[in-house]
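Some notes on the structure that comes next.
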Amino acid sequence: MIEWTESARRLLNEYCARSKSVLVGGGVDADEVSDDLRRHVEEEVRAAKLSVVTEEDIRRILARVGEPGMASPKIADKTPTPGVQSNSGKKTPGFALLIFGVGLPAVAWLVELLFGGSAGTLFDPFPTWLHVLAVAMVPIVNAWAWGAARSGNGRCFRLLGWLNGAVLGTCVYYSILYLACAPYAFIGILVFGVGLLPLSPYFALIATPLLRRKYFEQIGEVKLPGAWAGSIGAILLLVLVQFPTAATYYGLAKATAEDPEIKRHGISVLRAFGDKETMLRACYGTFQRELEIDLIRSIASGDVRISAEAAREAYYRATGKPFNSVPPPSLYTRTGRWAALDNEFTWDGALGGEAVAQRVKGLSLLSSRLDAVAEPDAALAYCEWTLEFKNVSTQQREARAQVALPPGAVVSRVTLWINGEEREAAFGSRGQVRKAYQEVAVAQRRDPILVTTCGPDRVLMQCFPVPPNGGIMKVKLGMTTPLILDAPDQGRFLWPRFLERNFGIAPDRKHDLWIESPQRLANGKAESAKPLSPDRPFALRNSLTESELSGAVPSVTVHRNPEIKEVWTATAEAGTGIRQTLQLNSPSQVKRLIVVVDGSEGMKPYAAEVAQALAQLPAGLDLSLLIAHDDRKVLDDNPRPVTPELIAEMRARLTRAQFDGGQDNLPTLEKAWDLASAVENGRVLWIHGAEAVLLSPESGVRQRLERNLMRTRLLELQTEPGPDRVLEKLDGVAALKHVPRLGSVSSDLSRVFGEWSGKIQAWGLERVRTADPGVGVRVGRNIERLWARDEALRLSASHNHEEATLVAAKNQLVTPLTGAVVLETKEQYERHGLTPADPKTVPAVPEPGILSLLGLGIFAFLMAKRRRKHAV
Amino acid sequence: VSFSVSELRWKPRVKSCSRSFHPASLIPTVRKQDGFIIQTEAMDDFFDNWTVQVRKGLLELCILNALADEERYGYDLVKTLVEVHGLGVTEGTIYPLLSRLRVAGLVASRLEESSAGPARKYYSLTKEGRKTMETMNTYMTELNRSATRLRKRSVV
């Protein structure tokens, strides 16, 4: 039911009466025309779906209907032609509206999308694709409104009305966002004549309603819908899709607070709503700008400035992953979809430091080659990893990586190619080599490489500078490693791999692997081919991608003669040598076991495997299971004797346990150590993922491990490759033992438990220095290096650091107390009191060419001898 | 031969621009540029007066042509005619014309009650109206042809 106001009705009556008086005597039926006009107006009202008809509505309709005339077009209407003037005689929109309502927003949108001007310097205006679309709609809809108003085309006026409303909302939203930088832009225009683009939301905000009005006037519709609802809807939608970003800002601000409760609340918010891309940007220091004008961030974070370091910790706590284990953050506003930023992360703040830190732009691994030679008699292998780095950026770069060595291995050779020549490293105390590296690398920007340990069986390698603009740097790490003996007749060799790196590796880039041995080899899938001649070695080769090498723990089984149990080598000192004995270890008399399971998200897939392995625990020991989690209620501080019921209970608890984010394991480790060391010969078994950030001081755990009166041991098993800051801090502590990863978590744990119970025989190698080593088979000098490593660790554990450093440096080894550095010139070595290794004394993998030549020579010699014999 | 309404929609796009009228003559000049017919200011008044005369004459024919095929609802008929580009009529102008055509016996009308609103008025051609329409269309076609022929001759 349409309700007419009195004034509206009166206005229509007046119009009809006037029409009648004008038309009387004009050859028409004036009453009929009057009725027709009244009917027409009522139809218009009905078409406009008006519920209440006001005087204004009638006035608008009558303006369009016009005064009734005697069958002649309006003479006053000079230009009925489209595009010049509309039917109503109102002016059409001019070119100023086209420029400010269409041109400028279109240019601003395009420039932001191509060059990321605002994203790079102010804030990201396009955090989602919806924002990109919303801003794109501004010039499109305004252009439509402009064109339609010019032509008087009223088709789809409802749709245009709604879209115009939505565009108005978008303009309001962005005008608010750019409010903080508008004064700067205004000053920029006045002073420098630039700064128009940041003001484009304001120009569009003025132009959009004007275009709406012009269009409305031209088409003469009674009502153009969508002004309020469209704009409010657009604002709400943009706010809604911006919510994860705002929640991330809020969460980051809270997660980096000092108060533990607030911190925990922030982490919870980040885990629930955090946007990883936004967090990642914070990790790369984009939230530390001096000029902070991101309104949403200011409101959400309470204007808290978030440092990159704090953001990295929050990222780990929220996601459970190291920030540098994923590619650097990308922006929507770059050329090419999701392309990484070019300019934002050029500064490498970790240059010369002890952290691998963020991925640097343009640096990648060009080639990787691993050559190993096994010495089965000595139950060891020597492996060389040759790496080439390429830098396509415009700045010099430092390549840094944490490398996981084979269990028990020691770096015994470091080589750098300078101008095509191989330069060997000097080995010295850790402080000495780092100081030399920092001076030469950071200050002088010359060619050094530094290798130091960063935890049990892991080293940090850093080399600088990889030359810019496609420059290449080539380095080699040599490592001596004992085989892991499953039985006297076979041992296993594990390839080294990256744990953390600041350079990229293309997914299809392959590591080329080669291993040779005088005896048979197998890698699970393939058996080494029979050599062509008896003097030639067995060999295996393989090519693995980075994910295959890092993820699958690839190993090679080396067969050996089980009869050889004692080997020896002569040392450089006359009359002394090293003797190595293969012996069966007696089962450990473990009294108490405290299992600590990392509660981080990355551990979720392994919980079932750990639960499965618990069934292999020997009876007779006390067991307790602790899960390192923010929720301390999961602590179980009552070790109980192992029974099937207890194991079932533990397994159920593990299955139910919550794993999320990145958890601080140190408080739980302290608790576990206290429980384990309450009795003699206790063990803490720490099963953990990669703890990328040290979330609390390690001093408590370190002190417990160093002041170890009850012969307690901390065994650590890392489930997935990655850095672990706790292990880095516990580097060189004798009570910390590494459980090697040979297969699944379940099988590795079962092997440990099996050795404790005596179900699995554990074979070990004992090396001693003796004046009379000449028993058994004589082997190469690599066993001396392994002896020296053990000796240095033993001396270090007994606080004889000076002697330990001397032993390691003399034997050219990288240990917790020593490192290796390659410098460029002799003068640099002398200034830092270092002596580079003599190339004749460094271990090496024989080149296949040399072996071939040797074989060929022997073959020729035998043939000649045979010929002479026949001649005689 | 008859005009259809759609044919009457045609209208050259005229861009009012320029101060570059022909200074030496009062005779209006029209030139083409970028597909637009450029209308100089000097010719505006003349052109406007001329189009008013043309449209005035054409309007009745347009109404008859619009009713040629079917009976039409008055409101709808008026809207259709208003949208014919170049005809330049307002809605108020058409109703008196319809009334005059009805009085002249060329158009018939009838009212039909509507549940959705006011009673609807339908218009249709009478026999005489149809005859008149055909005569007018023939005349227009011939006139147009002759004028075109003249133009072509002057171009040659």
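Chains: A, B, ... in order of the structure tokens. Residues: from 1 per chain. Ligands: from 1, in order shown.
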Residues of segment 57-99 of chain B at most 10 Å from segment 45-51 of chain B: nearest atom pair and distance in Å, only C-alpha atoms, as a Markdown table:
| residue | atom | partner | partner_atom | distance |
| --- | --- | --- | --- | --- |
| B:Gly57 | CA | B:Thr51 | CA | 9.8 |
| B:Gly86 | CA | B:Thr51 | CA | 8.8 |
| B:Leu87 | CA | B:Thr51 | CA | 8.9 |
| B:Gly88 | CA | B:Thr51 | CA | 9.5 |
N, CA, C and O atoms of the current selection, written as a short mmCIF file (atom, residue, chain, number, x, y, z; two decimals), in the first residue's frame:
data_model
loop_
_atom_site.label_atom_id
_atom_site.label_comp_id
_atom_site.auth_asym_id
_atom_site.auth_seq_id
_atom_site.Cartn_x
_atom_site.Cartn_y
_atom_site.Cartn_z
N GLY B 57 7.54 17.41 -36.68
CA GLY B 57 6.83 16.73 -37.76
C GLY B 57 6.86 15.22 -37.64
O GLY B 57 5.91 14.53 -38.02
N GLY B 86 17.37 11.44 -29.85
CA GLY B 86 17.26 12.45 -30.88
C GLY B 86 15.86 12.99 -31.05
O GLY B 86 15.67 14.06 -31.64
N LEU B 87 14.88 12.27 -30.51
CA LEU B 87 13.50 12.74 -30.67
C LEU B 87 13.21 13.89 -29.70
O LEU B 87 12.45 14.79 -30.00
N GLY B 88 13.86 13.81 -28.56
CA GLY B 88 13.86 14.91 -27.61
C GLY B 88 12.49 15.30 -27.09
O GLY B 88 12.15 16.48 -27.10
#
- Extract, using only C-alpha atoms, all DNA, RNA and protein residues at most 10 Å from Arg10 of chain A, discarding same-chain residues fewer than 6 positions from it, and format them as a ChimeraX atom specification. /A:4,16,55,58
Residues just named, written with N, CA and C atoms as a PDB file, in the first residue's frame:
ATOM      1  N   TRP A   4       0.557   8.345   0.358  1.00  0.00           N
ATOM      2  CA  TRP A   4       0.892   9.664  -0.187  1.00  0.00           C
ATOM      3  C   TRP A   4       0.827  10.705   0.914  1.00  0.00           C
ATOM      4  N   CYS A  16      -2.035  18.578 -12.518  1.00  0.00           N
ATOM      5  CA  CYS A  16      -3.064  18.094 -13.430  1.00  0.00           C
ATOM      6  C   CYS A  16      -4.028  19.230 -13.801  1.00  0.00           C
ATOM      7  N   GLU A  55       6.434  15.000  -1.293  1.00  0.00           N
ATOM      8  CA  GLU A  55       6.348  16.103  -2.260  1.00  0.00           C
ATOM      9  C   GLU A  55       7.594  16.124  -3.139  1.00  0.00           C
ATOM     10  N   ILE A  58       7.392  13.592  -5.920  1.00  0.00           N
ATOM     11  CA  ILE A  58       6.499  14.024  -6.999  1.00  0.00           C
ATOM     12  C   ILE A  58       7.153  15.130  -7.822  1.00  0.00           C
TER      13      ILE A  58
END
- Message: Using Å and a single decimal, report how far atom CA of Thr571 of chain A sits from atom CA of Gly455 of chain A.
- Response: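 Atom CA of Thr571 of chain A lies 28.5 Å from atom CA of Gly455 of chain A.
The set of residues in segment 27-117 of chain B assigned to strand (DSSP E or B) by DSSP, using only backbone atoms of this structure, is Val30, Arg31, Lys32, Gln33, Phe36, Ile37, Ile38, Gln39, Arg72, Tyr73, Val107, Ala108, Ser109, Arg110, Leu111 and Glu112 of chain B.
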- Item | Residues of chain B within 9 Å of chain A, counting only C-alpha atoms, as a PyMOL selection string | chain B and resi 11-16+44-45+48-49+52-53+55-57+59-60+74-75+85-104+116-121
Store the residues of this selection in a file with C-alpha atoms, as a short mmCIF file (atom, residue, chain, number, x, y, z; two decimals), in the first residue's frame.
data_model
loop_
_atom_site.label_atom_id
_atom_site.label_comp_id
_atom_site.auth_asym_id
_atom_site.auth_seq_id
_atom_site.Cartn_x
_atom_site.Cartn_y
_atom_site.Cartn_z
CA LYS B 11 21.33 9.91 -34.16
CA PRO B 12 24.77 11.22 -35.08
CA ARG B 13 26.96 11.72 -32.07
CA VAL B 14 27.47 15.45 -31.88
CA LYS B 15 30.29 16.90 -29.93
CA SER B 16 29.84 20.48 -28.96
CA ASP B 44 24.12 25.63 -32.98
CA ASP B 45 21.09 27.85 -33.12
CA ASP B 48 18.62 23.40 -33.07
CA ASN B 49 15.77 25.25 -34.70
CA VAL B 52 12.91 21.12 -33.54
CA GLN B 53 10.96 21.47 -36.77
CA ARG B 55 11.14 16.37 -34.67
CA LYS B 56 7.84 18.17 -34.45
CA GLY B 57 6.83 16.73 -37.76
CA LEU B 59 6.67 12.79 -33.58
CA GLU B 60 3.17 11.78 -34.71
CA GLY B 74 0.30 3.82 -22.56
CA TYR B 75 3.00 4.09 -19.92
CA HIS B 85 17.50 9.24 -29.05
CA GLY B 86 17.26 12.45 -30.88
CA LEU B 87 13.50 12.74 -30.67
CA GLY B 88 13.86 14.91 -27.61
CA VAL B 89 10.40 14.65 -26.11
CA THR B 90 9.31 14.62 -22.53
CA GLU B 91 6.62 12.39 -21.21
CA GLY B 92 4.26 15.29 -20.71
CA THR B 93 4.43 16.13 -24.39
CA ILE B 94 3.27 12.74 -25.61
CA TYR B 95 -0.04 12.43 -23.80
CA PRO B 96 -1.60 15.47 -25.51
CA LEU B 97 -0.42 14.08 -28.86
CA LEU B 98 -2.01 10.73 -28.15
CA SER B 99 -5.21 12.49 -27.18
CA ARG B 100 -5.18 14.48 -30.41
CA LEU B 101 -4.59 11.34 -32.49
CA ARG B 102 -7.47 9.66 -30.67
CA VAL B 103 -9.77 12.64 -31.29
CA ALA B 104 -8.71 12.50 -34.96
CA ALA B 116 -1.02 -3.79 -9.11
CA GLY B 117 -1.90 -0.12 -9.49
CA PRO B 118 -4.04 2.34 -11.43
CA ALA B 119 -6.11 1.19 -14.39
CA ARG B 120 -3.97 0.68 -17.45
CA LYS B 121 -4.71 2.48 -20.70
#
- Item | Backbone DSSP call of helix (DSSP H, G or I) for segment 460-600 of chain A, listed as a VMD selection string | chain A and resid 546 to 551
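The residue set within 12 Å of Val111 of chain A, counting only C-alpha atoms and dropping same-chain residues fewer than 3 places from it, reads Leu104, Pro105, Ala106, Val107, Ala108, Leu114, Phe115, Gly116, Gly117, Ser118, Ala119, Gly120, Pro125, Ala136, Leu197, Pro198, Ser200, Thr333, Arg334 and Thr335 of chain A.
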- Message: Quick check, in Å to one decimal: how far apart do atom CA of Ala229 of chain A and atom CA of Ala145 of chain A lie?
- Response: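 Taking atom CA of Ala229 of chain A and atom CA of Ala145 of chain A, their separation equals 18.2 Å.
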- Return the single residue from A:Glu649, A:Glu609, A:Glu766, A:Asp630 that is closest to Asp748 of chain A, with distances computed using only C-alpha atoms.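 Using only C-alpha atoms, the shortest distance to Asp748 of chain A belongs to A:Glu609.
Coordinates place atom CA of Ser367 of chain A at a distance of 12.6 Å from atom CA of Asn391 of chain A.
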- Message: Nearest residue to Gly575 of chain A out of A:Val451, A:Glu217, A:Gln242, A:Asp772, using only C-alpha atoms?
- Response: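 Answer, going by the shortest atom-to-atom distance: A:Asp772.
Residues in contact with Pro836 of chain A at 9 Å, where only C-alpha atoms are counted and same-chain residues fewer than 4 positions away are skipped, are listed as A:Arg423, A:Glu424, A:Ala425, A:Ala426, A:Phe427, A:Val821, A:Val822, A:Leu823, A:Lys826, A:Tyr829.
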